[in-house]
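Next comes upload_20.cif, a file with mmCIF, N, CA and C atoms.
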```
data_model
#
loop_
_atom_site.label_atom_id
_atom_site.label_comp_id
_atom_site.auth_asym_id
_atom_site.auth_seq_id
_atom_site.Cartn_x
_atom_site.Cartn_y
_atom_site.Cartn_z
N MET A 140 0.85 -1.18 0.00
CA MET A 140 0.00 0.00 0.00
C MET A 140 0.89 1.24 0.00
N LYS A 141 0.55 2.23 -0.78
CA LYS A 141 1.31 3.47 -0.86
C LYS A 141 0.85 4.43 0.23
N ILE A 142 1.72 5.36 0.60
CA ILE A 142 1.40 6.32 1.65
C ILE A 142 0.14 7.10 1.31
N ASP A 143 -0.06 7.45 0.04
CA ASP A 143 -1.26 8.19 -0.34
C ASP A 143 -2.54 7.37 -0.10
N ASP A 144 -2.45 6.04 -0.23
CA ASP A 144 -3.62 5.20 0.06
C ASP A 144 -3.98 5.28 1.54
N TYR A 145 -2.98 5.24 2.40
CA TYR A 145 -3.23 5.39 3.83
C TYR A 145 -3.82 6.77 4.12
N LEU A 146 -3.25 7.79 3.49
CA LEU A 146 -3.72 9.15 3.74
C LEU A 146 -5.14 9.36 3.25
N ASP A 147 -5.50 8.73 2.13
CA ASP A 147 -6.90 8.81 1.66
C ASP A 147 -7.84 8.22 2.70
N LYS A 148 -7.46 7.09 3.29
CA LYS A 148 -8.28 6.46 4.32
C LYS A 148 -8.37 7.36 5.56
N LEU A 149 -7.24 7.96 5.93
CA LEU A 149 -7.23 8.87 7.08
C LEU A 149 -8.16 10.06 6.87
N LEU A 150 -8.13 10.62 5.67
CA LEU A 150 -9.00 11.76 5.39
C LEU A 150 -10.47 11.36 5.41
N ASP A 151 -10.78 10.15 4.94
CA ASP A 151 -12.17 9.65 5.03
C ASP A 151 -12.60 9.51 6.48
N LEU A 152 -11.70 9.00 7.34
CA LEU A 152 -12.01 8.85 8.76
C LEU A 152 -12.17 10.21 9.43
N ALA A 153 -11.32 11.17 9.07
CA ALA A 153 -11.41 12.52 9.63
C ALA A 153 -12.75 13.16 9.27
N LEU A 154 -13.23 12.87 8.09
CA LEU A 154 -14.52 13.39 7.66
C LEU A 154 -15.66 12.82 8.51
N ILE A 155 -15.55 11.57 8.91
CA ILE A 155 -16.57 10.97 9.80
C ILE A 155 -16.60 11.75 11.11
N ALA A 156 -15.42 12.04 11.67
CA ALA A 156 -15.36 12.82 12.92
C ALA A 156 -16.01 14.18 12.72
N LYS A 157 -15.67 14.85 11.63
CA LYS A 157 -16.23 16.17 11.36
C LYS A 157 -17.75 16.12 11.25
N ASN A 158 -18.25 15.09 10.57
CA ASN A 158 -19.70 14.95 10.42
C ASN A 158 -20.40 14.64 11.74
N ASN A 159 -19.64 14.18 12.72
CA ASN A 159 -20.18 13.93 14.06
C ASN A 159 -19.91 15.11 15.01
N ASP A 160 -19.52 16.25 14.45
CA ASP A 160 -19.20 17.46 15.21
C ASP A 160 -18.02 17.26 16.17
N ASP A 161 -17.09 16.39 15.78
CA ASP A 161 -15.86 16.22 16.52
C ASP A 161 -14.72 16.83 15.71
N ILE A 162 -13.60 17.09 16.36
CA ILE A 162 -12.44 17.60 15.65
C ILE A 162 -12.02 16.56 14.62
N PRO A 163 -11.86 16.94 13.36
CA PRO A 163 -11.55 15.95 12.31
C PRO A 163 -10.10 15.48 12.34
N ILE A 164 -9.84 14.59 13.28
CA ILE A 164 -8.53 13.97 13.41
C ILE A 164 -8.73 12.47 13.30
N SER A 165 -7.80 11.81 12.62
CA SER A 165 -7.87 10.36 12.48
C SER A 165 -6.48 9.77 12.58
N ALA A 166 -6.46 8.47 12.89
CA ALA A 166 -5.17 7.78 13.09
C ALA A 166 -5.32 6.32 12.70
N MET A 167 -4.20 5.71 12.35
CA MET A 167 -4.20 4.26 12.11
C MET A 167 -2.88 3.67 12.57
N VAL A 168 -2.97 2.40 12.98
CA VAL A 168 -1.80 1.64 13.40
C VAL A 168 -1.56 0.61 12.31
N ILE A 169 -0.32 0.55 11.84
CA ILE A 169 0.03 -0.33 10.73
C ILE A 169 1.12 -1.30 11.18
N GLU A 170 0.93 -2.56 10.81
CA GLU A 170 1.95 -3.58 11.06
C GLU A 170 2.30 -4.18 9.71
N GLY A 171 3.55 -4.03 9.30
CA GLY A 171 3.91 -4.41 7.94
C GLY A 171 3.21 -3.45 7.00
N GLN A 172 2.38 -3.98 6.14
CA GLN A 172 1.58 -3.15 5.23
C GLN A 172 0.10 -3.15 5.62
N LYS A 173 -0.23 -3.84 6.71
CA LYS A 173 -1.62 -4.06 7.09
C LYS A 173 -2.08 -3.10 8.20
N ILE A 174 -3.24 -2.52 8.02
CA ILE A 174 -3.85 -1.66 9.03
C ILE A 174 -4.46 -2.57 10.10
N ILE A 175 -3.96 -2.46 11.33
CA ILE A 175 -4.50 -3.31 12.40
C ILE A 175 -5.37 -2.52 13.37
N GLY A 176 -5.40 -1.22 13.22
CA GLY A 176 -6.25 -0.38 14.05
C GLY A 176 -6.42 0.98 13.42
N TYR A 177 -7.61 1.53 13.57
CA TYR A 177 -7.84 2.88 13.07
C TYR A 177 -8.86 3.55 13.98
N GLY A 178 -8.87 4.87 13.92
CA GLY A 178 -9.82 5.60 14.74
C GLY A 178 -9.91 7.05 14.32
N TYR A 179 -10.92 7.69 14.83
CA TYR A 179 -11.12 9.12 14.63
C TYR A 179 -11.65 9.68 15.94
N ASN A 180 -11.62 11.00 16.06
CA ASN A 180 -12.06 11.62 17.31
C ASN A 180 -13.53 11.34 17.58
N THR A 181 -13.80 10.93 18.82
CA THR A 181 -15.18 10.67 19.27
C THR A 181 -15.44 11.34 20.61
N ARG A 182 -14.55 12.22 21.02
CA ARG A 182 -14.64 12.85 22.35
C ARG A 182 -15.96 13.58 22.56
N GLU A 183 -16.37 14.39 21.60
CA GLU A 183 -17.61 15.14 21.74
C GLU A 183 -18.83 14.23 21.62
N LYS A 184 -18.80 13.34 20.65
CA LYS A 184 -19.94 12.45 20.42
C LYS A 184 -20.20 11.54 21.62
N GLU A 185 -19.12 10.99 22.18
CA GLU A 185 -19.26 10.04 23.29
C GLU A 185 -19.10 10.70 24.65
N LYS A 186 -18.82 12.01 24.66
CA LYS A 186 -18.61 12.75 25.91
C LYS A 186 -17.56 12.04 26.77
N ASN A 187 -16.45 11.68 26.11
CA ASN A 187 -15.39 10.93 26.78
C ASN A 187 -14.05 11.58 26.44
N ILE A 188 -13.35 12.04 27.45
CA ILE A 188 -12.08 12.73 27.27
C ILE A 188 -11.05 11.87 26.54
N LEU A 189 -11.19 10.55 26.62
CA LEU A 189 -10.24 9.64 25.98
C LEU A 189 -10.56 9.36 24.52
N GLY A 190 -11.60 9.98 23.98
CA GLY A 190 -12.03 9.70 22.62
C GLY A 190 -11.18 10.36 21.54
N HIS A 191 -9.89 10.27 21.68
CA HIS A 191 -8.97 10.81 20.67
C HIS A 191 -8.74 9.74 19.59
N ALA A 192 -8.48 10.18 18.39
CA ALA A 192 -8.25 9.28 17.25
C ALA A 192 -7.15 8.27 17.55
N GLU A 193 -6.05 8.75 18.09
CA GLU A 193 -4.91 7.88 18.37
C GLU A 193 -5.27 6.78 19.37
N ILE A 194 -5.98 7.17 20.42
CA ILE A 194 -6.37 6.20 21.44
C ILE A 194 -7.36 5.19 20.87
N ASN A 195 -8.31 5.65 20.09
CA ASN A 195 -9.27 4.73 19.47
C ASN A 195 -8.57 3.75 18.54
N ALA A 196 -7.57 4.23 17.79
CA ALA A 196 -6.80 3.34 16.90
C ALA A 196 -5.98 2.33 17.72
N ILE A 197 -5.40 2.79 18.80
CA ILE A 197 -4.60 1.91 19.67
C ILE A 197 -5.48 0.83 20.29
N ILE A 198 -6.65 1.21 20.76
CA ILE A 198 -7.56 0.23 21.37
C ILE A 198 -7.90 -0.87 20.36
N MET A 199 -8.22 -0.48 19.14
CA MET A 199 -8.54 -1.48 18.12
C MET A 199 -7.34 -2.39 17.84
N ALA A 200 -6.17 -1.80 17.73
CA ALA A 200 -4.96 -2.58 17.42
C ALA A 200 -4.62 -3.54 18.57
N THR A 201 -4.74 -3.08 19.80
CA THR A 201 -4.42 -3.96 20.94
C THR A 201 -5.43 -5.09 21.06
N GLN A 202 -6.68 -4.81 20.73
CA GLN A 202 -7.68 -5.88 20.74
C GLN A 202 -7.40 -6.90 19.65
N LYS A 203 -7.01 -6.43 18.50
CA LYS A 203 -6.70 -7.33 17.40
C LYS A 203 -5.49 -8.20 17.71
N LYS A 204 -4.47 -7.59 18.30
CA LYS A 204 -3.25 -8.33 18.64
C LYS A 204 -3.38 -9.09 19.96
N GLU A 205 -4.42 -8.77 20.73
CA GLU A 205 -4.61 -9.35 22.06
C GLU A 205 -3.38 -9.10 22.93
N ASN A 206 -2.85 -7.88 22.81
CA ASN A 206 -1.66 -7.50 23.56
C ASN A 206 -1.56 -5.98 23.55
N TRP A 207 -1.26 -5.38 24.69
CA TRP A 207 -1.12 -3.93 24.75
C TRP A 207 0.18 -3.45 24.12
N ASN A 208 1.15 -4.35 23.96
CA ASN A 208 2.47 -4.00 23.42
C ASN A 208 2.40 -4.00 21.89
N LEU A 209 2.53 -2.83 21.31
CA LEU A 209 2.44 -2.68 19.85
C LEU A 209 3.81 -2.44 19.21
N GLN A 210 4.86 -2.95 19.86
CA GLN A 210 6.20 -2.83 19.28
C GLN A 210 6.19 -3.47 17.89
N GLY A 211 6.89 -2.83 16.95
CA GLY A 211 6.92 -3.33 15.58
C GLY A 211 5.85 -2.72 14.69
N THR A 212 5.12 -1.73 15.23
CA THR A 212 4.07 -1.08 14.45
C THR A 212 4.41 0.38 14.21
N THR A 213 3.67 0.98 13.31
CA THR A 213 3.80 2.39 12.98
C THR A 213 2.42 3.02 13.07
N MET A 214 2.38 4.28 13.47
CA MET A 214 1.12 5.02 13.49
C MET A 214 1.21 6.17 12.50
N ILE A 215 0.10 6.41 11.81
CA ILE A 215 -0.03 7.57 10.94
C ILE A 215 -1.22 8.37 11.45
N VAL A 216 -1.03 9.68 11.62
CA VAL A 216 -2.05 10.56 12.19
C VAL A 216 -2.20 11.79 11.31
N THR A 217 -3.40 12.33 11.26
CA THR A 217 -3.61 13.53 10.47
C THR A 217 -3.00 14.76 11.12
N LEU A 218 -3.04 14.86 12.46
CA LEU A 218 -2.53 16.03 13.18
C LEU A 218 -1.55 15.55 14.25
N LYS A 219 -0.50 16.29 14.48
CA LYS A 219 0.49 15.91 15.49
C LYS A 219 -0.22 15.63 16.82
N PRO A 220 0.07 14.48 17.43
CA PRO A 220 -0.63 14.09 18.65
C PRO A 220 -0.42 15.06 19.82
N CYS A 221 -1.44 15.16 20.65
CA CYS A 221 -1.36 15.95 21.87
C CYS A 221 -0.46 15.23 22.87
N SER A 222 -0.16 15.88 23.97
CA SER A 222 0.75 15.29 24.96
C SER A 222 0.18 14.01 25.58
N MET A 223 -1.13 13.95 25.81
CA MET A 223 -1.73 12.73 26.36
C MET A 223 -1.55 11.57 25.40
N CYS A 224 -1.86 11.78 24.15
CA CYS A 224 -1.72 10.72 23.15
C CYS A 224 -0.27 10.31 22.97
N MET A 225 0.64 11.28 23.01
CA MET A 225 2.06 10.96 22.88
C MET A 225 2.49 9.99 23.99
N GLU A 226 2.05 10.25 25.20
CA GLU A 226 2.43 9.37 26.31
C GLU A 226 1.83 7.97 26.14
N ILE A 227 0.60 7.88 25.70
CA ILE A 227 -0.03 6.57 25.49
C ILE A 227 0.68 5.83 24.36
N ILE A 228 1.03 6.55 23.30
CA ILE A 228 1.77 5.95 22.19
C ILE A 228 3.09 5.37 22.70
N LYS A 229 3.79 6.13 23.52
CA LYS A 229 5.06 5.64 24.08
C LYS A 229 4.84 4.39 24.93
N GLN A 230 3.78 4.39 25.73
CA GLN A 230 3.50 3.26 26.61
C GLN A 230 3.18 1.99 25.82
N THR A 231 2.61 2.13 24.64
CA THR A 231 2.27 0.94 23.83
C THR A 231 3.45 0.47 22.99
N ARG A 232 4.55 1.21 23.03
CA ARG A 232 5.79 0.82 22.35
C ARG A 232 5.71 0.93 20.81
N ILE A 233 4.79 1.72 20.29
CA ILE A 233 4.73 1.94 18.84
C ILE A 233 6.08 2.50 18.39
N ASP A 234 6.63 1.97 17.29
CA ASP A 234 7.98 2.34 16.85
C ASP A 234 8.08 3.76 16.32
N LYS A 235 7.18 4.13 15.42
CA LYS A 235 7.26 5.42 14.75
C LYS A 235 5.87 6.00 14.59
N VAL A 236 5.80 7.33 14.61
CA VAL A 236 4.55 8.04 14.36
C VAL A 236 4.82 9.08 13.28
N TYR A 237 4.03 9.00 12.22
CA TYR A 237 4.08 9.99 11.16
C TYR A 237 2.80 10.82 11.23
N TYR A 238 2.93 12.12 11.10
CA TYR A 238 1.73 12.97 11.12
C TYR A 238 1.75 13.89 9.91
N LEU A 239 0.56 14.21 9.45
CA LEU A 239 0.39 15.00 8.24
C LEU A 239 0.56 16.50 8.49
N LEU A 240 0.06 16.99 9.62
CA LEU A 240 0.01 18.43 9.86
C LEU A 240 0.42 18.75 11.29
N ASP A 241 1.23 19.80 11.44
CA ASP A 241 1.56 20.32 12.77
C ASP A 241 0.35 21.07 13.32
N LYS A 242 0.31 21.21 14.64
CA LYS A 242 -0.74 22.02 15.26
C LYS A 242 -0.50 23.49 14.94
N LEU A 243 -1.56 24.27 14.98
CA LEU A 243 -1.45 25.70 14.76
C LEU A 243 -0.57 26.31 15.84
N ASP A 244 0.16 27.35 15.50
CA ASP A 244 1.04 28.01 16.46
C ASP A 244 0.28 28.56 17.66
N ASN A 245 -0.95 28.99 17.45
CA ASN A 245 -1.72 29.59 18.55
C ASN A 245 -2.48 28.55 19.38
N LYS A 246 -2.36 27.28 19.04
CA LYS A 246 -3.05 26.21 19.77
C LYS A 246 -2.21 25.80 20.98
N LYS A 247 -2.70 26.08 22.15
CA LYS A 247 -1.99 25.75 23.39
C LYS A 247 -2.79 24.69 24.15
N GLU A 248 -2.07 23.73 24.71
CA GLU A 248 -2.72 22.73 25.55
C GLU A 248 -2.91 23.28 26.95
N TYR A 249 -3.96 22.85 27.59
CA TYR A 249 -4.22 23.23 28.97
C TYR A 249 -3.15 22.62 29.86
N ASN A 250 -2.48 23.42 30.64
CA ASN A 250 -1.47 22.87 31.53
C ASN A 250 -1.40 23.66 32.83
N LYS A 251 -2.54 23.93 33.39
CA LYS A 251 -2.60 24.68 34.64
C LYS A 251 -2.83 23.76 35.85
N THR A 252 -2.85 22.47 35.62
CA THR A 252 -3.07 21.53 36.71
C THR A 252 -1.80 21.39 37.54
N ASP A 253 -1.94 21.47 38.85
CA ASP A 253 -0.81 21.26 39.76
C ASP A 253 -0.75 19.79 40.15
N PHE A 254 0.44 19.20 40.14
CA PHE A 254 0.68 17.84 40.60
C PHE A 254 1.51 17.95 41.88
N LEU A 255 0.95 17.49 43.00
CA LEU A 255 1.59 17.67 44.29
C LEU A 255 1.78 16.32 44.98
N LYS A 256 2.99 16.06 45.44
CA LYS A 256 3.29 14.80 46.13
C LYS A 256 2.77 14.87 47.55
N LEU A 257 2.09 13.82 47.95
CA LEU A 257 1.60 13.72 49.32
C LEU A 257 2.71 13.30 50.26
N ASN A 258 2.70 13.81 51.44
CA ASN A 258 3.60 13.36 52.51
C ASN A 258 2.75 12.56 53.48
N SER A 259 2.93 11.23 53.45
CA SER A 259 2.09 10.36 54.27
C SER A 259 2.87 9.13 54.71
N SER A 260 2.50 8.63 55.86
CA SER A 260 3.10 7.39 56.35
C SER A 260 2.68 6.20 55.50
N LYS A 261 1.67 6.35 54.68
CA LYS A 261 1.17 5.27 53.80
C LYS A 261 2.08 5.04 52.61
N GLU A 262 3.02 5.95 52.36
CA GLU A 262 3.90 5.82 51.21
C GLU A 262 4.70 4.52 51.26
N LYS A 263 5.25 4.19 52.42
CA LYS A 263 6.06 2.98 52.54
C LYS A 263 5.21 1.73 52.27
N LYS A 264 4.00 1.69 52.80
CA LYS A 264 3.10 0.56 52.59
C LYS A 264 2.79 0.37 51.10
N TYR A 265 2.54 1.48 50.43
CA TYR A 265 2.25 1.40 49.00
C TYR A 265 3.48 0.99 48.20
N LYS A 266 4.64 1.49 48.57
CA LYS A 266 5.88 1.15 47.88
C LYS A 266 6.14 -0.35 47.95
N ILE A 267 5.87 -0.97 49.10
CA ILE A 267 6.03 -2.42 49.27
C ILE A 267 5.03 -3.17 48.38
N LEU A 268 3.79 -2.71 48.38
CA LEU A 268 2.75 -3.33 47.54
C LEU A 268 3.16 -3.30 46.07
N LEU A 269 3.63 -2.16 45.61
CA LEU A 269 4.03 -1.99 44.22
C LEU A 269 5.24 -2.86 43.88
N SER A 270 6.22 -2.87 44.76
CA SER A 270 7.42 -3.66 44.55
C SER A 270 7.09 -5.15 44.50
N ASP A 271 6.20 -5.59 45.37
CA ASP A 271 5.77 -6.99 45.40
C ASP A 271 5.09 -7.37 44.08
N PHE A 272 4.24 -6.49 43.59
CA PHE A 272 3.54 -6.76 42.32
C PHE A 272 4.54 -6.98 41.19
N PHE A 273 5.51 -6.07 41.04
CA PHE A 273 6.46 -6.17 39.94
C PHE A 273 7.41 -7.35 40.11
N SER A 274 7.75 -7.69 41.33
CA SER A 274 8.58 -8.88 41.57
C SER A 274 7.87 -10.13 41.09
N LYS A 275 6.60 -10.26 41.41
CA LYS A 275 5.80 -11.41 40.99
C LYS A 275 5.60 -11.43 39.48
N LEU A 276 5.41 -10.27 38.90
CA LEU A 276 5.23 -10.16 37.45
C LEU A 276 6.49 -10.62 36.72
N ARG A 277 7.64 -10.19 37.17
CA ARG A 277 8.91 -10.58 36.54
C ARG A 277 9.20 -12.06 36.73
N ALA A 278 8.78 -12.62 37.84
CA ALA A 278 9.00 -14.05 38.12
C ALA A 278 8.19 -14.94 37.17
N LYS A 279 7.07 -14.43 36.66
CA LYS A 279 6.22 -15.18 35.72
C LYS A 279 6.87 -15.33 34.35
N LYS A 280 7.79 -14.43 34.01
CA LYS A 280 8.39 -14.41 32.67
C LYS A 280 9.50 -15.37 32.52
#
```

What would the structure in this file look like if it were written as structure tokens?
Amino acid sequence: MKIDDYLDKLLDLALIAKNNDDIPISAMVIEGQKIIGYGYNTREKEKNILGHAEINAIIMATQKKENWNLQGTTMIVTLKPCSMCMEIIKQTRIDKVYYLLDKLDNKKEYNKTDFLKLNSSKEKKYKILLSDFFSKLRAKK
């Protein structure tokens, strides 16, 4: 499949989002030459903050592969992913992301949320719980 064939499909998907009054963004996950996941924005339609094209494409791909690890795949997106999607893409181990268009210069992401570390005696208890979980997980492999 040629890149223009993928882009034609992406533009068709973006149009679906637009027709649903969502931001016309679309994405697909490709393994080899095969599309294993695709999506478009559904945030407004589904009233779900996670309804981004990239996340919807990742969900489909992970279901198809029956594995959250998408190493060995590529993603193509119509618009450069937001910071949330970038982090999810990294977590799924997607190898490369190609995007068609940069965000507008005047488009700023909301970043006024404060992240504050708690000081609590419960920290040690949680640290042990977390360490135990990962020790058991590694022992299974």

Atom C of A:Ile174 and atom C of A:Met199, how far apart in Å?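 Separating atom C of A:Met199 from atom C of A:Ile174 is a distance of 8.3 Å.
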
Which residue out of A:Lys186, A:Lys275, A:His191, A:Lys242 has the minimum interatomic distance to A:Leu218 when all atoms listed in the file are used?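 Smallest distance to A:Leu218 is found for A:Lys242.
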
Which residue out of A:Thr212, A:Arg232, A:Pro220, A:Ser260 has the minimum interatomic distance to A:Glu170 when only N, CA and C atoms are used?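 Of the candidates, the smallest distance to A:Glu170 is held by A:Thr212.
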
Distance of atom C of A:Asn159 from atom N of A:Ile142, expressed in Å to one decimal place: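 Atom-to-atom, atom N of A:Ile142 to atom C of A:Asn159, that is 27.8 Å.
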
Identify, on the basis of only C-alpha atoms, every residue whose closest approach to stretch 147-151 of chain A does not exceed 10 Å; exclude the query and any residue fewer than 4 positions from it along the same chain; express the result as a list in words.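 These residues fall inside the cut-off: Ile142, Asp143, Ile155, Ala156, Lys157, Pro163, Ile164, Ser165, Ala166, Met167, Tyr177, Gly178, Tyr179, Ile215, Val216, Thr217 and Leu239 of chain A.
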
Could you tell me which of A:Trp207, A:Tyr265, A:Tyr238, A:Tyr145 comes closest to A:Cys221 if we count only C-alpha atoms? A:Tyr238

Using the chain letters and numbers from this file, what does the PyMOL selection byres (((chain A and resi 225 and name CA) around 12) and name CA) select? Give the answer as a JSON list (two decimals) with N, CA and C atoms, keeping the file's coordinate frame.
```json
[["chain", "number", "residue", "atom", "x", "y", "z"],
["A", 191, "HIS", "N", -9.89, 10.27, 21.68],
["A", 191, "HIS", "CA", -8.97, 10.81, 20.67],
["A", 191, "HIS", "C", -8.74, 9.74, 19.59],
["A", 192, "ALA", "N", -8.48, 10.18, 18.39],
["A", 192, "ALA", "CA", -8.25, 9.28, 17.25],
["A", 192, "ALA", "C", -7.15, 8.27, 17.55],
["A", 193, "GLU", "N", -6.05, 8.75, 18.09],
["A", 193, "GLU", "CA", -4.91, 7.88, 18.37],
["A", 193, "GLU", "C", -5.27, 6.78, 19.37],
["A", 194, "ILE", "N", -5.98, 7.17, 20.42],
["A", 194, "ILE", "CA", -6.37, 6.20, 21.44],
["A", 194, "ILE", "C", -7.36, 5.19, 20.87],
["A", 197, "ILE", "N", -5.40, 2.79, 18.80],
["A", 197, "ILE", "CA", -4.60, 1.91, 19.67],
["A", 197, "ILE", "C", -5.48, 0.83, 20.29],
["A", 214, "MET", "N", 2.38, 4.28, 13.47],
["A", 214, "MET", "CA", 1.12, 5.02, 13.49],
["A", 214, "MET", "C", 1.21, 6.17, 12.50],
["A", 216, "VAL", "N", -1.03, 9.68, 11.62],
["A", 216, "VAL", "CA", -2.05, 10.56, 12.19],
["A", 216, "VAL", "C", -2.20, 11.79, 11.31],
["A", 218, "LEU", "N", -3.04, 14.86, 12.46],
["A", 218, "LEU", "CA", -2.53, 16.03, 13.18],
["A", 218, "LEU", "C", -1.55, 15.55, 14.25],
["A", 219, "LYS", "N", -0.50, 16.29, 14.48],
["A", 219, "LYS", "CA", 0.49, 15.91, 15.49],
["A", 219, "LYS", "C", -0.22, 15.63, 16.82],
["A", 220, "PRO", "N", 0.07, 14.48, 17.43],
["A", 220, "PRO", "CA", -0.63, 14.09, 18.65],
["A", 220, "PRO", "C", -0.42, 15.06, 19.82],
["A", 221, "CYS", "N", -1.44, 15.16, 20.65],
["A", 221, "CYS", "CA", -1.36, 15.95, 21.87],
["A", 221, "CYS", "C", -0.46, 15.23, 22.87],
["A", 222, "SER", "N", -0.16, 15.88, 23.97],
["A", 222, "SER", "CA", 0.75, 15.29, 24.96],
["A", 222, "SER", "C", 0.18, 14.01, 25.58],
["A", 223, "MET", "N", -1.13, 13.95, 25.81],
["A", 223, "MET", "CA", -1.73, 12.73, 26.36],
["A", 223, "MET", "C", -1.55, 11.57, 25.40],
["A", 224, "CYS", "N", -1.86, 11.78, 24.15],
["A", 224, "CYS", "CA", -1.72, 10.72, 23.15],
["A", 224, "CYS", "C", -0.27, 10.31, 22.97],
["A", 226, "GLU", "N", 2.05, 10.25, 25.20],
["A", 226, "GLU", "CA", 2.43, 9.37, 26.31],
["A", 226, "GLU", "C", 1.83, 7.97, 26.14],
["A", 227, "ILE", "N", 0.60, 7.88, 25.70],
["A", 227, "ILE", "CA", -0.03, 6.57, 25.49],
["A", 227, "ILE", "C", 0.68, 5.83, 24.36],
["A", 228, "ILE", "N", 1.03, 6.55, 23.30],
["A", 228, "ILE", "CA", 1.77, 5.95, 22.19],
["A", 228, "ILE", "C", 3.09, 5.37, 22.70],
["A", 229, "LYS", "N", 3.79, 6.13, 23.52],
["A", 229, "LYS", "CA", 5.06, 5.64, 24.08],
["A", 229, "LYS", "C", 4.84, 4.39, 24.93],
["A", 230, "GLN", "N", 3.78, 4.39, 25.73],
["A", 230, "GLN", "CA", 3.50, 3.26, 26.61],
["A", 230, "GLN", "C", 3.18, 1.99, 25.82],
["A", 231, "THR", "N", 2.61, 2.13, 24.64],
["A", 231, "THR", "CA", 2.27, 0.94, 23.83],
["A", 231, "THR", "C", 3.45, 0.47, 22.99],
["A", 232, "ARG", "N", 4.55, 1.21, 23.03],
["A", 232, "ARG", "CA", 5.79, 0.82, 22.35],
["A", 232, "ARG", "C", 5.71, 0.93, 20.81],
["A", 233, "ILE", "N", 4.79, 1.72, 20.29],
["A", 233, "ILE", "CA", 4.73, 1.94, 18.84],
["A", 233, "ILE", "C", 6.08, 2.50, 18.39],
["A", 235, "LYS", "N", 7.18, 4.13, 15.42],
["A", 235, "LYS", "CA", 7.26, 5.42, 14.75],
["A", 235, "LYS", "C", 5.87, 6.00, 14.59],
["A", 236, "VAL", "N", 5.80, 7.33, 14.61],
["A", 236, "VAL", "CA", 4.55, 8.04, 14.36],
["A", 236, "VAL", "C", 4.82, 9.08, 13.28],
["A", 237, "TYR", "N", 4.03, 9.00, 12.22],
["A", 237, "TYR", "CA", 4.08, 9.99, 11.16],
["A", 237, "TYR", "C", 2.80, 10.82, 11.23],
["A", 238, "TYR", "N", 2.93, 12.12, 11.10],
["A", 238, "TYR", "CA", 1.73, 12.97, 11.12],
["A", 238, "TYR", "C", 1.75, 13.89, 9.91]]
```

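Closest approach to A:Asn195 among A:Thr181, A:Gln172, A:Asp144, A:Ala153 is made by A:Thr181 (distances from only N, CA and C atoms).
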
Would you mind writing down, as a ChimeraX atom specification, each residue of chain A that DSSP on the backbone assigns to strand (DSSP E)? /A:165-170,173-179,213-218,235-240

Listed atoms of stretch 264-268 of chain A boxed along x, y and z, 4 Å each side, centre and edge lengths in Å, one decimal, as JSON:
```
{"center_x": 4.2, "center_y": -0.8, "center_z": 49.4, "size_x": 11.9, "size_y": 13.0, "size_z": 14.7}
```

From the set A:Val168, A:Leu154, A:Leu255, A:Lys264, which residue has the shortest atom-to-atom contact distance to A:Asp234, counting only C-alpha atoms?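 So, comparing all the options, the nearest one is A:Val168.
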
Ranking A:Arg182, A:Lys256, A:Lys204, A:Lys266 by minimum distance to A:Ile169 and counting only C-alpha atoms, which one comes first?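 Ranking A:Arg182, A:Lys256, A:Lys204, A:Lys266 by distance to A:Ile169, first place goes to A:Lys204.
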
Residue rebuild result stretch 256-264 of chain A, N, CA, C and O atoms as a tab-separated table (two decimals), in the frame of the given file:
```tsv
chain	number	residue	atom	x	y	z
A	256	LYS	N	2.99	16.06	45.44
A	256	LYS	CA	3.29	14.80	46.13
A	256	LYS	C	2.77	14.87	47.55
A	256	LYS	O	2.99	15.84	48.26
A	257	LEU	N	2.09	13.82	47.95
A	257	LEU	CA	1.60	13.72	49.32
A	257	LEU	C	2.71	13.30	50.26
A	257	LEU	O	3.56	12.49	49.90
A	258	ASN	N	2.70	13.81	51.44
A	258	ASN	CA	3.60	13.36	52.51
A	258	ASN	C	2.75	12.56	53.48
A	258	ASN	O	1.94	13.12	54.21
A	259	SER	N	2.93	11.23	53.45
A	259	SER	CA	2.09	10.36	54.27
A	259	SER	C	2.87	9.13	54.71
A	259	SER	O	3.74	8.64	53.99
A	260	SER	N	2.50	8.63	55.86
A	260	SER	CA	3.10	7.39	56.35
A	260	SER	C	2.68	6.20	55.50
A	260	SER	O	3.27	5.13	55.57
A	261	LYS	N	1.67	6.35	54.68
A	261	LYS	CA	1.17	5.27	53.80
A	261	LYS	C	2.08	5.04	52.61
A	261	LYS	O	1.96	4.04	51.90
A	262	GLU	N	3.02	5.95	52.36
A	262	GLU	CA	3.90	5.82	51.21
A	262	GLU	C	4.70	4.52	51.26
A	262	GLU	O	4.80	3.80	50.26
A	263	LYS	N	5.25	4.19	52.42
A	263	LYS	CA	6.06	2.98	52.54
A	263	LYS	C	5.21	1.73	52.27
A	263	LYS	O	5.65	0.81	51.57
A	264	LYS	N	4.00	1.69	52.80
A	264	LYS	CA	3.10	0.56	52.59
A	264	LYS	C	2.79	0.37	51.10
A	264	LYS	O	2.82	-0.73	50.57
```
